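Undergrad: Hey, dropping work28.cif in here, mmCIF, C-alpha atoms:
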```cif
data_coords
loop_
_atom_site.label_atom_id
_atom_site.label_comp_id
_atom_site.auth_asym_id
_atom_site.auth_seq_id
_atom_site.Cartn_x
_atom_site.Cartn_y
_atom_site.Cartn_z
CA MET A 483 1.73 -13.95 -2.58
CA ASP A 484 1.56 -13.52 -6.32
CA ILE A 485 3.88 -16.06 -7.93
CA ASN A 486 3.35 -14.36 -11.30
CA MET A 487 5.21 -11.24 -10.21
CA GLN A 488 8.09 -10.26 -12.47
CA TYR A 489 11.58 -10.20 -11.06
CA ASN A 490 12.99 -6.70 -10.79
CA ALA A 491 16.12 -5.13 -9.38
CA SER A 492 14.40 -2.09 -7.81
CA LEU A 493 15.75 -3.23 -4.45
CA THR A 494 19.13 -1.74 -5.35
CA SER A 495 17.69 1.75 -4.80
CA GLU A 496 14.71 1.04 -2.53
CA GLN A 497 16.39 -1.08 0.16
CA PHE A 498 14.79 -1.67 3.59
CA LEU A 499 13.36 1.85 4.12
CA PHE A 500 12.11 1.18 7.63
CA TYR A 501 12.21 4.77 8.86
CA GLU A 502 10.48 5.94 5.69
CA ILE A 503 7.75 3.31 5.67
CA ARG A 504 6.87 4.11 9.29
CA ILE A 505 6.18 7.70 8.24
CA VAL A 506 4.23 6.75 5.10
CA SER A 507 2.14 4.12 6.90
CA ARG A 508 1.07 6.60 9.59
CA GLN A 509 -0.10 9.04 6.93
CA TYR A 510 -1.77 6.22 4.99
CA LEU A 511 -3.76 5.27 8.08
CA GLU A 512 -5.03 8.86 8.26
CA GLY A 513 -6.57 8.33 4.83
CA LYS A 514 -4.17 10.47 2.82
CA LEU A 515 -3.51 9.74 -0.85
CA ILE A 516 0.07 9.12 -1.93
CA ASP A 517 0.47 12.57 -3.53
CA GLU A 518 -0.72 14.19 -0.29
CA ILE A 519 1.71 12.04 1.68
CA ILE A 520 4.61 13.07 -0.55
CA GLU A 521 3.77 16.76 -0.15
CA TYR A 522 3.51 16.33 3.62
CA ILE A 523 6.93 14.62 3.74
CA LYS A 524 8.55 17.25 1.51
CA HIS A 525 7.07 20.16 3.45
CA ASP A 526 8.75 19.17 6.72
CA ASN A 527 11.63 17.18 5.15
CA LEU A 528 10.52 14.20 7.23
CA PHE A 529 12.83 11.76 5.45
CA GLN A 530 15.74 14.08 6.25
CA TYR A 531 17.25 13.63 2.80
CA PRO A 532 19.70 16.27 1.56
CA THR A 533 17.61 16.86 -1.59
CA GLU A 534 13.98 16.23 -2.58
CA ARG A 535 14.93 14.18 -5.64
CA LYS A 536 14.50 10.73 -4.04
CA ILE A 537 11.56 11.54 -1.79
CA SER A 538 8.78 10.88 -4.31
CA GLU A 539 10.38 7.70 -5.63
CA LEU A 540 10.97 6.14 -2.22
CA ALA A 541 7.67 7.30 -0.69
CA ARG A 542 5.88 5.64 -3.62
CA ALA A 543 7.91 2.46 -3.07
CA CYS A 544 6.83 2.46 0.60
CA HIS A 545 3.22 3.04 -0.45
CA ARG A 546 3.33 0.09 -2.87
CA ARG A 547 4.63 -2.16 -0.07
CA ILE A 548 1.82 -0.97 2.20
CA ILE A 549 -0.79 -1.78 -0.46
CA ALA A 550 0.88 -5.15 -1.10
CA LEU A 551 0.46 -6.09 2.58
CA GLY A 552 -3.26 -6.47 1.95
CA SER A 553 -4.03 -5.96 5.63
CA GLU A 554 -5.02 -2.81 7.51
CA LYS A 555 -4.04 -4.54 10.75
CA LEU A 556 -0.51 -5.13 9.49
CA VAL A 557 -0.25 -1.54 8.24
CA TYR A 558 -1.22 -0.45 11.76
CA GLU A 559 1.55 -2.68 13.17
CA LEU A 560 4.00 -1.24 10.66
CA ALA A 561 3.15 2.26 11.88
CA ASN A 562 2.82 1.64 15.61
CA ALA A 563 4.33 -1.65 16.79
CA PRO A 564 7.67 -1.76 18.65
CA VAL A 565 10.59 -1.50 16.25
CA GLU A 566 11.53 -5.20 16.28
CA ALA A 567 7.99 -6.33 15.39
CA ALA A 568 7.44 -3.54 12.86
CA LYS A 569 10.68 -4.44 11.07
CA GLN A 570 9.40 -8.00 10.65
CA VAL A 571 6.20 -6.61 9.12
CA ASN A 572 8.24 -4.44 6.76
CA LEU A 573 10.22 -7.48 5.62
CA TYR A 574 6.96 -9.34 4.99
CA ALA A 575 5.67 -6.32 3.02
CA MET A 576 8.83 -6.51 0.91
CA MET A 577 8.15 -10.20 0.29
CA ARG A 578 4.60 -9.40 -0.83
CA TYR A 579 5.85 -6.67 -3.17
CA ASN A 580 9.12 -8.07 -4.54
CA ARG A 581 9.46 -11.59 -5.93
CA LEU A 582 13.22 -11.66 -5.38
CA VAL A 583 12.83 -10.91 -1.66
CA CYS A 584 10.01 -13.44 -1.40
CA GLU A 585 12.00 -16.29 -2.93
CA PHE A 586 15.15 -15.40 -1.00
CA MET A 587 13.28 -15.43 2.30
CA ILE A 588 11.25 -18.59 1.63
CA ASN A 589 13.65 -20.72 -0.42
CA LEU A 590 16.89 -19.86 1.34
CA ILE A 591 16.20 -18.44 4.80
CA GLY A 592 12.99 -20.41 5.44
CA GLU A 593 14.69 -23.64 4.42
CA LYS A 594 17.63 -22.86 6.69
CA TYR A 595 15.25 -22.43 9.61
CA ARG A 596 13.31 -25.56 8.66
CA GLN A 597 16.46 -27.67 8.71
CA HIS A 598 17.85 -26.01 11.85
CA ASP A 599 20.87 -25.05 9.75
CA PHE A 600 21.73 -21.60 11.06
CA SER A 601 24.88 -21.17 8.99
CA TYR A 602 24.78 -18.24 6.56
CA THR A 603 27.73 -17.61 4.30
CA ARG A 604 28.58 -15.97 1.01
CA LYS A 605 28.32 -19.44 -0.54
CA ASP A 606 24.62 -19.61 0.41
CA ILE A 607 23.63 -16.33 -1.21
CA ASN A 608 25.90 -16.94 -4.23
CA GLY A 609 24.20 -20.30 -4.75
CA PHE A 610 20.76 -18.69 -4.49
CA PHE A 611 21.58 -16.20 -7.25
CA SER A 612 23.29 -18.82 -9.42
CA ARG A 613 20.13 -20.95 -9.38
CA LEU A 614 17.98 -17.93 -10.27
CA GLN A 615 20.29 -16.97 -13.14
CA GLU A 616 20.06 -20.50 -14.53
CA GLN A 617 16.25 -20.45 -14.32
CA ASN A 618 15.46 -16.92 -15.48
CA ASP A 619 16.73 -15.03 -18.53
CA ASP A 620 15.92 -11.61 -17.03
CA ILE A 621 18.09 -12.28 -13.99
CA ALA A 622 20.80 -13.82 -16.16
CA ALA A 623 20.98 -10.46 -17.98
CA TRP A 624 21.57 -8.42 -14.82
CA SER A 625 25.07 -7.01 -14.48
CA ASP A 626 27.55 -8.34 -11.93
CA GLN A 627 27.34 -4.96 -10.20
CA THR A 628 23.55 -5.25 -9.86
CA ILE A 629 23.80 -8.79 -8.45
CA LYS A 630 26.50 -7.67 -5.99
CA LYS A 631 24.31 -4.79 -4.79
CA LEU A 632 21.26 -7.05 -4.43
CA LYS A 633 23.28 -9.49 -2.30
CA GLN A 634 24.28 -6.59 -0.03
CA VAL A 635 20.71 -5.31 0.28
CA LEU A 636 19.23 -8.75 1.01
CA THR A 637 21.86 -9.37 3.68
CA LYS A 638 21.15 -5.91 5.14
CA CYS A 639 17.44 -6.85 5.31
CA LEU A 640 18.38 -9.86 7.45
CA ILE A 641 20.40 -7.60 9.74
CA GLU A 642 17.56 -5.07 10.02
CA ALA A 643 15.09 -7.83 10.90
CA GLY A 644 17.38 -9.22 13.60
CA MET A 645 18.07 -12.45 11.71
CA LEU A 646 21.77 -11.66 11.30
CA ASP A 647 24.03 -9.69 13.64
CA SER A 648 26.25 -8.07 10.99
CA PHE A 649 27.58 -8.38 7.45
CA HIS A 650 30.39 -10.54 8.82
CA ALA A 651 28.16 -12.86 10.86
CA LYS A 652 28.16 -16.49 9.78
CA GLU A 653 25.05 -17.64 11.64
CA LEU A 654 21.36 -16.79 11.47
CA ASN A 655 19.62 -15.89 14.72
CA PRO A 656 16.65 -18.14 15.56
CA ILE A 657 14.12 -15.31 15.76
CA PHE A 658 10.57 -15.39 17.14
CA ILE A 659 7.82 -14.15 14.84
CA SER A 660 5.65 -11.39 16.32
CA ALA A 661 2.14 -12.60 17.17
CA GLU A 662 0.60 -9.83 15.05
CA LEU A 663 2.65 -10.73 11.99
CA GLU A 664 1.88 -14.43 12.34
CA SER A 665 -1.83 -13.61 12.59
CA GLY A 666 -1.66 -11.31 9.55
CA ILE A 667 0.20 -13.89 7.44
CA ARG A 668 -2.40 -16.53 8.33
CA GLU A 669 -5.25 -14.16 7.52
CA ASN A 670 -3.63 -13.52 4.12
CA ASN A 671 -3.40 -17.30 3.69
CA ASP A 672 0.33 -16.86 3.04
CA LEU A 673 1.37 -19.93 5.00
CA THR A 674 4.45 -20.48 2.81
CA ALA A 675 5.84 -17.22 4.26
CA LEU A 676 5.84 -18.46 7.86
CA PRO A 677 9.09 -20.49 7.68
CA ALA A 678 10.92 -17.30 6.59
CA PHE A 679 10.23 -16.06 10.13
CA ASN A 680 11.20 -19.35 11.80
CA CYS A 681 7.55 -20.29 12.36
CA PHE A 682 6.46 -23.90 11.90
CA LYS A 683 3.37 -24.07 14.11
#
```
Represent the structure from my file as structure tokens, please.
TA:
Amino acid sequence: MDINMQYNASLTSEQFLFYEIRIVSRQYLEGKLIDEIIEYIKHDNLFQYPTERKISELARACHRRIIALGSEKLVYELANAPVEAAKQVNLYAMMRYNRLVCEFMINLIGEKYRQHDFSYTRKDINGFFSRLQEQNDDIAAWSDQTIKKLKQVLTKCLIEAGMLDSFHAKELNPIFISAELESGIRENNDLTALPAFNCFK
């Protein structure tokens, strides 16, 4: 993963996008360019959005995550694997594409798994953001509303990936990484990402 990535708050609008990235990844595997994919999605309203306004923006976000994966095998898993496994791949794609997600998953969630500390509370995520705000001027300049939204989206990502049962849950689930994702992470030489999926082999 590229540690020189800039922090950005795009997650507030992009979110987990699992349903959308499944559609985009299938079209990507057919060799379509992003503009062709967007037209295809718009033509049949595949995202089922009430208006077309967000389709291009979010399809491009999905496409950037797919490119960031750096692995055709993982894109195939994203498109075709059972939902539970494909959601793990999507979370990894988000880590590859978004520095905030990457550091949250490795430095907070991965460390929780490493220490067998499955507690997850508002204090944990507040502390994560407080440390980032102290270390980075860009993040320090984000509004309270933006930070609040990012906390919600990151927690929702944990729920989507099966790591948390609900917004009110206080414990992480000790998940099992899918074999395909573990293989893809190792092939990318992204070993620091493995603890984020409770993998210490």
Undergrad: Quick one: of A:Trp624, A:Tyr531, A:Tyr489, A:Tyr579, who's nearest to Ile548 in chain A, counting all atoms listed in the file?
TA: A:Tyr579
Undergrad: Just give me the gap between CA of Cys584 in chain A and CA of Ala678 in chain A in Å, one decimal is fine.
TA: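 Distance reported for this atom pair: 8.9 Å.
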Undergrad: Run the PyMOL selection byres ((chain A and resi 630) around 12) against the file shown and list the residues it catches, as a PyMOL selection string.
TA: chain A and resi 491+493-494+604+607-608+611+624-629+631-637
Undergrad: With all atoms listed in the file as the atoms that count, which of A:Leu515, A:Leu663, A:Met645, A:Leu654 lies nearest to Leu560 in chain A?
TA: A:Leu663
Undergrad: Hey, could you pull the box centre and edge lengths for range 497-513 of chain A, axis-aligned, 3 Å padding per side, all listed atoms, to one decimal in Å, as AutoDock Vina command-line options?
TA:
```
--center_x 4.9 --center_y 3.7 --center_z 4.9 --size_x 29.0 --size_y 16.7 --size_z 15.4
```
Undergrad: Using all atoms listed in the file for the distances, tell me which of A:Ala567, A:Ile519, A:Val506, A:Leu551 is nearest to Ile667 in chain A.
TA: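 Of A:Ala567, A:Ile519, A:Val506, A:Leu551, the one nearest Ile667 in chain A, counting all atoms listed in the file, is A:Leu551.
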Undergrad: Counting all atoms listed in the file, what is within 12 Å of Lys683 in chain A, bar same-chain residues fewer than 3 positions away, as a PyMOL selection string?
TA: chain A and resi 596+658-659+661+664-665+668+673-674+676-677+679-680
Undergrad: Would you work out the distance separating CA of Gln570 in chain A from CA of Asn618 in chain A, expressed in Å to one decimal?
TA: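 So the two atoms, CA of Gln570 in chain A and CA of Asn618 in chain A, lie 28.3 Å apart.
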Undergrad: Between A:Leu582, A:Leu614, A:Ala623, A:Val565, which is the closest to Gly644 in chain A once you count only C-alpha atoms?
TA: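 Between A:Leu582, A:Leu614, A:Ala623, A:Val565, the residue approaching Gly644 in chain A most closely is A:Val565.
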Undergrad: Name the residues that the PyMOL selection byres ((chain A and resi 575) around 10) pulls out of this structure, and write them as a VMD selection string.
TA: chain A and resid 544 546 to 552 556 to 557 560 569 to 574 576 to 580 583 to 584
Undergrad: Hey, can you spit out that residue selection with C-alpha atoms as a PDB file, keeping the file's coordinate frame?
TA:
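Ended up saving to out_14.pdb:
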```pdb
ATOM      1  CA  CYS A 544       6.830   2.460   0.600  1.00  0.00           C
ATOM      2  CA  ARG A 546       3.330   0.090  -2.870  1.00  0.00           C
ATOM      3  CA  ARG A 547       4.630  -2.160  -0.070  1.00  0.00           C
ATOM      4  CA  ILE A 548       1.820  -0.970   2.200  1.00  0.00           C
ATOM      5  CA  ILE A 549      -0.790  -1.780  -0.460  1.00  0.00           C
ATOM      6  CA  ALA A 550       0.880  -5.150  -1.100  1.00  0.00           C
ATOM      7  CA  LEU A 551       0.460  -6.090   2.580  1.00  0.00           C
ATOM      8  CA  GLY A 552      -3.260  -6.470   1.950  1.00  0.00           C
ATOM      9  CA  LEU A 556      -0.510  -5.130   9.490  1.00  0.00           C
ATOM     10  CA  VAL A 557      -0.250  -1.540   8.240  1.00  0.00           C
ATOM     11  CA  LEU A 560       4.000  -1.240  10.660  1.00  0.00           C
ATOM     12  CA  LYS A 569      10.680  -4.440  11.070  1.00  0.00           C
ATOM     13  CA  GLN A 570       9.400  -8.000  10.650  1.00  0.00           C
ATOM     14  CA  VAL A 571       6.200  -6.610   9.120  1.00  0.00           C
ATOM     15  CA  ASN A 572       8.240  -4.440   6.760  1.00  0.00           C
ATOM     16  CA  LEU A 573      10.220  -7.480   5.620  1.00  0.00           C
ATOM     17  CA  TYR A 574       6.960  -9.340   4.990  1.00  0.00           C
ATOM     18  CA  MET A 576       8.830  -6.510   0.910  1.00  0.00           C
ATOM     19  CA  MET A 577       8.150 -10.200   0.290  1.00  0.00           C
ATOM     20  CA  ARG A 578       4.600  -9.400  -0.830  1.00  0.00           C
ATOM     21  CA  TYR A 579       5.850  -6.670  -3.170  1.00  0.00           C
ATOM     22  CA  ASN A 580       9.120  -8.070  -4.540  1.00  0.00           C
ATOM     23  CA  VAL A 583      12.830 -10.910  -1.660  1.00  0.00           C
ATOM     24  CA  CYS A 584      10.010 -13.440  -1.400  1.00  0.00           C
TER      25      CYS A 584
END
```
Undergrad: Check the smallest atom-to-atom distance from each of A:Ala543, A:Ala563, A:Ile657, A:Ala622 to Phe600 in chain A using all atoms listed in the file, then report the winner.
TA: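 The shortest atom-to-atom distance to Phe600 in chain A comes from A:Ile657.
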Undergrad: Near Asp599 in chain A, counting only C-alpha atoms, which residues have an atom at most 9 Å away, once you skip same-chain residues fewer than 4 positions from it, shown as a list of chain:residue names?
TA: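 Once the adjacent positions are removed, what remains is A:Glu593, A:Lys594, A:Tyr595, A:Glu653, A:Leu654.
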Undergrad: Could you rebuild range 571-582 of chain A with all heavy atoms and give it back as an mmCIF file, keeping the file's coordinate frame?
TA:
```cif
data_model
loop_
_atom_site.group_PDB
_atom_site.id
_atom_site.type_symbol
_atom_site.label_atom_id
_atom_site.label_comp_id
_atom_site.auth_asym_id
_atom_site.auth_seq_id
_atom_site.Cartn_x
_atom_site.Cartn_y
_atom_site.Cartn_z
ATOM 1 N N VAL A 571 7.321 -6.906 10.014
ATOM 2 C CA VAL A 571 6.200 -6.610 9.120
ATOM 3 C C VAL A 571 6.703 -5.966 7.831
ATOM 4 O O VAL A 571 6.239 -6.284 6.733
ATOM 5 C CB VAL A 571 5.150 -5.713 9.801
ATOM 6 C CG1 VAL A 571 4.027 -5.345 8.825
ATOM 7 C CG2 VAL A 571 4.559 -6.399 11.035
ATOM 8 N N ASN A 572 7.678 -5.074 7.945
ATOM 9 C CA ASN A 572 8.240 -4.440 6.760
ATOM 10 C C ASN A 572 8.889 -5.482 5.845
ATOM 11 O O ASN A 572 8.731 -5.436 4.617
ATOM 12 C CB ASN A 572 9.263 -3.371 7.142
ATOM 13 C CG ASN A 572 9.775 -2.591 5.940
ATOM 14 O OD1 ASN A 572 9.027 -2.284 5.018
ATOM 15 N ND2 ASN A 572 11.058 -2.298 5.939
ATOM 16 N N LEU A 573 9.593 -6.435 6.430
ATOM 17 C CA LEU A 573 10.220 -7.480 5.620
ATOM 18 C C LEU A 573 9.147 -8.309 4.907
ATOM 19 O O LEU A 573 9.295 -8.653 3.726
ATOM 20 C CB LEU A 573 11.105 -8.367 6.504
ATOM 21 C CG LEU A 573 11.893 -9.467 5.798
ATOM 22 C CD1 LEU A 573 12.733 -8.916 4.647
ATOM 23 C CD2 LEU A 573 12.783 -10.206 6.800
ATOM 24 N N TYR A 574 8.072 -8.605 5.614
ATOM 25 C CA TYR A 574 6.960 -9.340 4.990
ATOM 26 C C TYR A 574 6.341 -8.505 3.861
ATOM 27 O O TYR A 574 6.013 -9.039 2.794
ATOM 28 C CB TYR A 574 5.920 -9.701 6.044
ATOM 29 C CG TYR A 574 4.663 -10.330 5.492
ATOM 30 C CD1 TYR A 574 4.712 -11.519 4.755
ATOM 31 C CD2 TYR A 574 3.422 -9.753 5.709
ATOM 32 C CE1 TYR A 574 3.566 -12.099 4.247
ATOM 33 C CE2 TYR A 574 2.265 -10.327 5.214
ATOM 34 C CZ TYR A 574 2.336 -11.497 4.479
ATOM 35 O OH TYR A 574 1.184 -12.076 3.968
ATOM 36 N N ALA A 575 6.201 -7.200 4.066
ATOM 37 C CA ALA A 575 5.670 -6.320 3.020
ATOM 38 C C ALA A 575 6.585 -6.364 1.791
ATOM 39 O O ALA A 575 6.107 -6.383 0.646
ATOM 40 C CB ALA A 575 5.554 -4.885 3.528
ATOM 41 N N MET A 576 7.886 -6.400 2.021
ATOM 42 C CA MET A 576 8.830 -6.510 0.910
ATOM 43 C C MET A 576 8.648 -7.833 0.174
ATOM 44 O O MET A 576 8.736 -7.893 -1.053
ATOM 45 C CB MET A 576 10.272 -6.381 1.424
ATOM 46 C CG MET A 576 10.597 -5.011 1.995
ATOM 47 S SD MET A 576 12.252 -4.933 2.732
ATOM 48 C CE MET A 576 13.279 -4.858 1.268
ATOM 49 N N MET A 577 8.387 -8.893 0.914
ATOM 50 C CA MET A 577 8.150 -10.200 0.290
ATOM 51 C C MET A 577 6.886 -10.173 -0.565
ATOM 52 O O MET A 577 6.838 -10.773 -1.642
ATOM 53 C CB MET A 577 8.026 -11.278 1.373
ATOM 54 C CG MET A 577 9.313 -11.592 2.107
ATOM 55 S SD MET A 577 9.053 -12.634 3.578
ATOM 56 C CE MET A 577 8.469 -14.168 2.828
ATOM 57 N N ARG A 578 5.864 -9.478 -0.087
ATOM 58 C CA ARG A 578 4.600 -9.400 -0.830
ATOM 59 C C ARG A 578 4.758 -8.564 -2.112
ATOM 60 O O ARG A 578 4.029 -8.758 -3.083
ATOM 61 C CB ARG A 578 3.527 -8.743 0.040
ATOM 62 C CG ARG A 578 3.162 -9.499 1.282
ATOM 63 C CD ARG A 578 2.025 -10.450 1.095
ATOM 64 N NE ARG A 578 0.788 -9.795 0.702
ATOM 65 C CZ ARG A 578 -0.351 -10.451 0.457
ATOM 66 N NH1 ARG A 578 -0.384 -11.771 0.562
ATOM 67 N NH2 ARG A 578 -1.436 -9.810 0.107
ATOM 68 N N TYR A 579 5.704 -7.657 -2.090
ATOM 69 C CA TYR A 579 5.850 -6.670 -3.170
ATOM 70 C C TYR A 579 6.949 -7.047 -4.165
ATOM 71 O O TYR A 579 6.898 -6.662 -5.327
ATOM 72 C CB TYR A 579 6.150 -5.307 -2.527
ATOM 73 C CG TYR A 579 6.631 -4.230 -3.453
ATOM 74 C CD1 TYR A 579 5.847 -3.775 -4.504
ATOM 75 C CD2 TYR A 579 7.886 -3.645 -3.269
ATOM 76 C CE1 TYR A 579 6.305 -2.769 -5.357
ATOM 77 C CE2 TYR A 579 8.343 -2.645 -4.114
ATOM 78 C CZ TYR A 579 7.546 -2.218 -5.151
ATOM 79 O OH TYR A 579 8.000 -1.235 -5.985
ATOM 80 N N ASN A 580 7.948 -7.809 -3.714
ATOM 81 C CA ASN A 580 9.120 -8.070 -4.540
ATOM 82 C C ASN A 580 9.406 -9.569 -4.585
ATOM 83 O O ASN A 580 9.714 -10.184 -3.571
ATOM 84 C CB ASN A 580 10.320 -7.300 -3.967
ATOM 85 C CG ASN A 580 11.546 -7.385 -4.853
ATOM 86 O OD1 ASN A 580 12.041 -8.461 -5.155
ATOM 87 N ND2 ASN A 580 12.050 -6.226 -5.258
ATOM 88 N N ARG A 581 9.306 -10.132 -5.777
ATOM 89 C CA ARG A 581 9.460 -11.590 -5.930
ATOM 90 C C ARG A 581 10.840 -12.067 -5.495
ATOM 91 O O ARG A 581 10.976 -13.152 -4.914
ATOM 92 C CB ARG A 581 9.201 -11.969 -7.393
ATOM 93 C CG ARG A 581 9.273 -13.459 -7.647
ATOM 94 C CD ARG A 581 8.913 -13.804 -9.076
ATOM 95 N NE ARG A 581 9.053 -15.221 -9.311
ATOM 96 C CZ ARG A 581 8.846 -15.806 -10.496
ATOM 97 N NH1 ARG A 581 8.469 -15.069 -11.530
ATOM 98 N NH2 ARG A 581 9.007 -17.108 -10.642
ATOM 99 N N LEU A 582 11.858 -11.268 -5.759
ATOM 100 C CA LEU A 582 13.220 -11.660 -5.380
ATOM 101 C C LEU A 582 13.330 -11.813 -3.861
ATOM 102 O O LEU A 582 13.890 -12.796 -3.362
ATOM 103 C CB LEU A 582 14.220 -10.622 -5.887
ATOM 104 C CG LEU A 582 15.694 -10.936 -5.636
ATOM 105 C CD1 LEU A 582 16.137 -12.131 -6.484
ATOM 106 C CD2 LEU A 582 16.567 -9.723 -5.934
#
```
